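Worksheet for the structure shown next.
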Amino acid sequence: MNSREIKRLAKELRIDRAAIDHARILTDAEAALEKSRTSETAQIPGLSWNRFRRLAWTGGLAAALLIISSWLGCFVLSREVAGLRHELELARRDAALPRYDDSATINLYLREHQGVVARTVSLDLSPRQPAQMRVSRHDILYYEFFDDPYESMRPGIIVRGPSSPREIISPEAPIISNGHTLTLSEAKEAADFELVALPRLHPCYMLDQIRRIEGRDAMQLLYTDGIHSVSLFEQSLDGELGLSPQDFREYAIYCNKGQAGGTILAWRDEVLSYVLIGNIEMSQLMDLAQSISALK
Amino acid sequence: MFEDQRLLRGLRAGRKDALRRIYEKYIDDLLKVAISLLSDIQSAEDCLHDVFVDFAGAVDGLMIHSNLKSYLISCVANRARDRLRKETRQSKCQPQQSCSPQISTSPAKQLIDAEESVRVFEALSELPYNQREVFLLHVQGQMRFREIAGLLGVSINSVQSRYRYAIEKLRAILKEENQNEFKRDKTISKGITD
């Protein structure tokens with residue numbers, strides 16, 4: 001007799017099942033089942049242990065997924081931050097290097113002044129090369145097209161001289177109303193602020209023209225002594241569409257560098273900001289500024 | 001397998017018909033194991049009673065990793081072992097009573113239908129309890145040696161060796177019984193001839 005046969009015999013062991021009391025076992029088991037259902041309903045209504053375990057398992061899984069996704073997010077963001085730090089460091093280096101270069105190259109050469117001088121004194125200034133300006137169009141805040149040959153067109157230009165081009169977020173450049181000049185009374189009515197307009201500036205500059213700058217709360221007053229001309233820009237500090245005070249502060253800094261072309265002087269009082277531009281010496285500009293301030 | 005899962009779901013929902021179906025499906029196998037382990041009708045019945053009452057009362061908290069039949073048979077084995085331990089302690093405490101480790105098999109024999117089954121049953125009852133338990137769990141409960149080892153808390157090598165000893169011993173017992181039967185038949189036939 002081998003083991004397979006022994007297993008077969010054991011499996012086929014036949015027993016008379018009527019010898020035990022099945023009814024007793026089943027009745028007691030059913031009672032136990034009913035009791036367990038009753039006690040479970042009384043303890044936790046509507047929430048079985050299995051459901052609770054399932055919920056706990058699902059919650060744990062969700063928490064694990066959340067933790068893993070957070071880790072991944074942190075990892076990605078940390079790499080991003082590292083990249084940004086690196087770029088910031090590079091930008092700082094870039095900003096540090098050309099600082100001196102900016103002050104040297106943001107020299108203004110006002111062609112309208114050059115033209116006025118040429119016409120007035122018959123002096124050819126063509127060999128005189130304008131200083132280079134490495135600025136983009138967005139750095140030009142006030143400008144006018146120079147292709148108009150009429151003498152009445154005497155445009156002014158202000159060029160922003162930033163320490164770094166990346167620091168500039170400038171608005172679109174406005175346009176000076178070409179050819180349309182205002183009388184003093186018209187200008188005072190058109191300005192949204194109390195216009196400071198002297199008919200004569202020290203020592204001998206006379207008010208020639210007044211223009212309104214379109215799209216800006218600013219006015220341009222052009223003074224001339226017959227040879228040189230000087231533009232005075234005025235705008236309210238409270239104006240929503242004007243230059244910011246920080247911009248003018250930059251011009252005041254750059255004009256100290258002994259510009260070869262034009263010279264700019266900017267200042268402000270409590271109400272207005274002023275920008276003087278002329279192809280003259282800084283000392284003369286300061287005299288003009290003092291005369292304007294004295295009037296105020 | 002799928003029917004067992006369905007029945008368990010029904011049982012967890014409190015359906016008595018599911019409990020009855022499980023009972024009807026597995027009571028024969030459980031009874032065989034209980035009687036083989038305990039060698040007593042009343043003890044086997046009590047054992048099955050306890051197993052089913054506990055099973056029905058705690059069905060929500062059950063963690064059944066294997067199939068339902070194996071689970072119930074392992075419950076019967078555990079309950080039978082506890083019962084035997086208890087009886088052993090009681091017999092030690094009461095020395096005046098007869099303390100025969102071999103429980104009388106005569107009432108149990110009444111349950112066995114065929115003659116061959118009686119022989120197997122007697123042979124099983126002669127096995128040491130550990131070997132009998134492993135043999136029944138493996139053959140009747142269709143449990144793997146690894147599962148039996150986990151249930152009994154012993155190594156898988158111990159389970160395999162117990163099973164091997166059980167088979168050898170059963171073979172020897174059944175062979176001896178065959179020889180005795182053959183001699184008895186020969187004597188009877190000789191007497192008839194004389």
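Numbering starts fresh at 1 for the residues of each chain in the structure tokens, the chains themselves are lettered A, B, ... in the order given, and ligands are numbered from 1 as they appear.
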
Near chain B, meaning an atom within 9 Å, which residues of chain A appear when counting only C-alpha atoms? Write them as a PyMOL selection string.
chain A and resi 1-3+6-22+24-26+28-37+48-50

Would you output that residue set with N, CA and C atoms, as a tab-separated table (two decimals), in the first residue's frame?
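Resulting contents of again_37.tsv:
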chain	number	residue	atom	x	y	z
A	1	MET	N	0.86	-1.20	0.00
A	1	MET	CA	0.00	0.00	0.00
A	1	MET	C	0.89	1.25	0.00
A	2	ASN	N	0.75	2.02	-1.02
A	2	ASN	CA	1.61	3.21	-1.08
A	2	ASN	C	0.89	4.42	-0.46
A	3	SER	N	1.62	5.51	-0.45
A	3	SER	CA	1.10	6.71	0.23
A	3	SER	C	-0.11	7.29	-0.50
A	6	ILE	N	-3.06	5.42	0.62
A	6	ILE	CA	-3.41	5.80	1.99
A	6	ILE	C	-4.16	7.14	1.99
A	7	LYS	N	-3.69	8.07	1.18
A	7	LYS	CA	-4.36	9.36	1.10
A	7	LYS	C	-5.79	9.20	0.56
A	8	ARG	N	-5.90	8.31	-0.43
A	8	ARG	CA	-7.23	8.10	-1.00
A	8	ARG	C	-8.18	7.53	0.05
A	9	LEU	N	-7.67	6.59	0.80
A	9	LEU	CA	-8.51	5.99	1.83
A	9	LEU	C	-8.92	7.02	2.89
A	10	ALA	N	-7.96	7.87	3.23
A	10	ALA	CA	-8.29	8.89	4.24
A	10	ALA	C	-9.30	9.88	3.71
A	11	LYS	N	-9.18	10.20	2.44
A	11	LYS	CA	-10.13	11.14	1.87
A	11	LYS	C	-11.52	10.55	1.77
A	12	GLU	N	-11.54	9.27	1.48
A	12	GLU	CA	-12.84	8.63	1.28
A	12	GLU	C	-13.42	8.07	2.57
A	13	LEU	N	-12.87	8.53	3.65
A	13	LEU	CA	-13.41	8.11	4.94
A	13	LEU	C	-14.86	8.54	5.03
A	14	ARG	N	-15.75	7.54	5.23
A	14	ARG	CA	-17.18	7.87	5.21
A	14	ARG	C	-17.72	7.87	6.64
A	15	ILE	N	-18.46	8.90	6.93
A	15	ILE	CA	-18.96	9.08	8.30
A	15	ILE	C	-20.45	9.34	8.24
A	16	ASP	N	-21.16	8.75	9.15
A	16	ASP	CA	-22.60	8.97	9.23
A	16	ASP	C	-22.84	10.33	9.89
A	17	ARG	N	-23.27	11.26	9.11
A	17	ARG	CA	-23.41	12.61	9.62
A	17	ARG	C	-24.65	12.78	10.50
A	18	ALA	N	-25.52	11.79	10.51
A	18	ALA	CA	-26.74	11.92	11.33
A	18	ALA	C	-26.47	11.70	12.81
A	19	ALA	N	-25.24	11.31	13.12
A	19	ALA	CA	-24.95	10.99	14.51
A	19	ALA	C	-24.80	12.24	15.38
A	20	ILE	N	-24.58	13.38	14.78
A	20	ILE	CA	-24.44	14.59	15.60
A	20	ILE	C	-25.66	15.49	15.40
A	21	ASP	N	-25.84	16.39	16.33
A	21	ASP	CA	-27.03	17.23	16.35
A	21	ASP	C	-26.75	18.50	15.53
A	22	HIS	N	-27.08	18.44	14.28
A	22	HIS	CA	-26.82	19.60	13.41
A	22	HIS	C	-27.71	20.78	13.76
A	24	ARG	N	-28.72	21.79	16.61
A	24	ARG	CA	-28.19	22.56	17.75
A	24	ARG	C	-27.06	23.49	17.28
A	25	ILE	N	-26.17	22.94	16.47
A	25	ILE	CA	-25.04	23.75	16.00
A	25	ILE	C	-25.53	24.92	15.17
A	26	LEU	N	-26.44	24.62	14.24
A	26	LEU	CA	-26.90	25.68	13.33
A	26	LEU	C	-27.70	26.75	14.07
A	28	ASP	N	-27.48	27.65	17.21
A	28	ASP	CA	-26.58	28.51	18.01
A	28	ASP	C	-25.74	29.41	17.11
A	29	ALA	N	-25.30	28.89	15.98
A	29	ALA	CA	-24.50	29.72	15.06
A	29	ALA	C	-25.34	30.86	14.51
A	30	GLU	N	-26.58	30.58	14.17
A	30	GLU	CA	-27.45	31.65	13.66
A	30	GLU	C	-27.71	32.70	14.74
A	31	ALA	N	-27.89	32.22	15.95
A	31	ALA	CA	-28.08	33.18	17.05
A	31	ALA	C	-26.85	34.06	17.22
A	32	ALA	N	-25.68	33.43	17.12
A	32	ALA	CA	-24.44	34.21	17.25
A	32	ALA	C	-24.31	35.22	16.12
A	33	LEU	N	-24.72	34.77	14.92
A	33	LEU	CA	-24.68	35.69	13.78
A	33	LEU	C	-25.60	36.88	13.99
A	34	GLU	N	-26.80	36.58	14.46
A	34	GLU	CA	-27.77	37.66	14.68
A	34	GLU	C	-27.28	38.61	15.77
A	35	LYS	N	-26.68	38.03	16.79
A	35	LYS	CA	-26.19	38.86	17.90
A	35	LYS	C	-25.07	39.77	17.43
A	36	SER	N	-24.19	39.21	16.62
A	36	SER	CA	-23.08	40.03	16.14
A	36	SER	C	-23.58	41.18	15.27
A	37	ARG	N	-24.61	40.90	14.46
A	37	ARG	CA	-25.15	41.97	13.62
A	37	ARG	C	-25.78	43.05	14.48
A	48	SER	N	-19.59	49.74	9.18
A	48	SER	CA	-19.08	48.46	9.62
A	48	SER	C	-17.57	48.52	9.76
A	49	TRP	N	-17.05	47.52	10.45
A	49	TRP	CA	-15.61	47.46	10.69
A	49	TRP	C	-14.86	47.35	9.37
A	50	ASN	N	-15.44	46.54	8.46
A	50	ASN	CA	-14.79	46.38	7.17
A	50	ASN	C	-14.74	47.69	6.41

Name the residues in contact with Ala191 of chain A at a cut-off of 9 Å, using only C-alpha atoms, excluding same-chain residues fewer than 3 positions from it; report them as a list in words.
Glu186, Ala187, Lys188, Glu194, Leu195, Arg212, Asp217, Ala218, Met219 and Gln235 of chain A

Using only C-alpha atoms, determine which residues lie at most 6 Å from segment 221-233 of chain A, disregarding the query and same-chain residues fewer than 6 positions distant; provide the list as a VMD selection string.
chain A and resid 117 204 to 210 274 to 278

Suppose we keep C-alpha atoms; can you now write the selection as a compact mmCIF listing (two decimals), in the first residue's frame?
# COMPACT_ATOMS: atom_id res chain seq x y z
CA VAL A 117 22.68 125.68 -34.37
CA CYS A 204 18.50 135.30 -22.11
CA TYR A 205 16.36 132.36 -23.11
CA MET A 206 12.95 133.29 -24.46
CA LEU A 207 9.90 131.02 -24.56
CA ASP A 208 9.47 129.97 -28.14
CA GLN A 209 6.92 127.19 -28.30
CA ILE A 210 4.73 125.07 -26.06
CA TYR A 274 11.02 119.09 -14.40
CA VAL A 275 13.46 118.00 -17.04
CA LEU A 276 15.71 120.46 -18.78
CA ILE A 277 17.49 119.37 -21.92
CA GLY A 278 19.87 121.48 -23.88

Got a sec: who's within 7 Å of Ile156 of chain B, counting only C-alpha atoms, leaving out chain neighbours fewer than 4 positions off, as a VMD selection string?
chain B and resid 145 to 146 149 160

Writing out the chosen residues with C-alpha atoms as a JSON list (two decimals), in the first residue's frame:
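Below you can see again-v7.json, which holds the result:
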[["chain", "number", "residue", "atom", "x", "y", "z"],
["B", 145, "PHE", "CA", 2.95, 22.28, 4.40],
["B", 146, "ARG", "CA", 3.86, 25.94, 4.65],
["B", 149, "ALA", "CA", 3.68, 25.19, 9.65],
["B", 160, "GLN", "CA", 7.11, 17.42, 6.47]]

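One distance worth recording is that between atom CA of Arg6 of chain B and atom CA of Leu68 of chain B, which is 11.3 Å.
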
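Straight-line separation from atom CA of Leu265 of chain A to atom CA of Leu285 of chain A: 6.8 Å.
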
Residues near Glu147 of chain B, cut-off 9 Å, only C-alpha atoms, skip fewer than 4 positions along chain, as a PyMOL selection string
chain B and resi 66+143+151-152+156
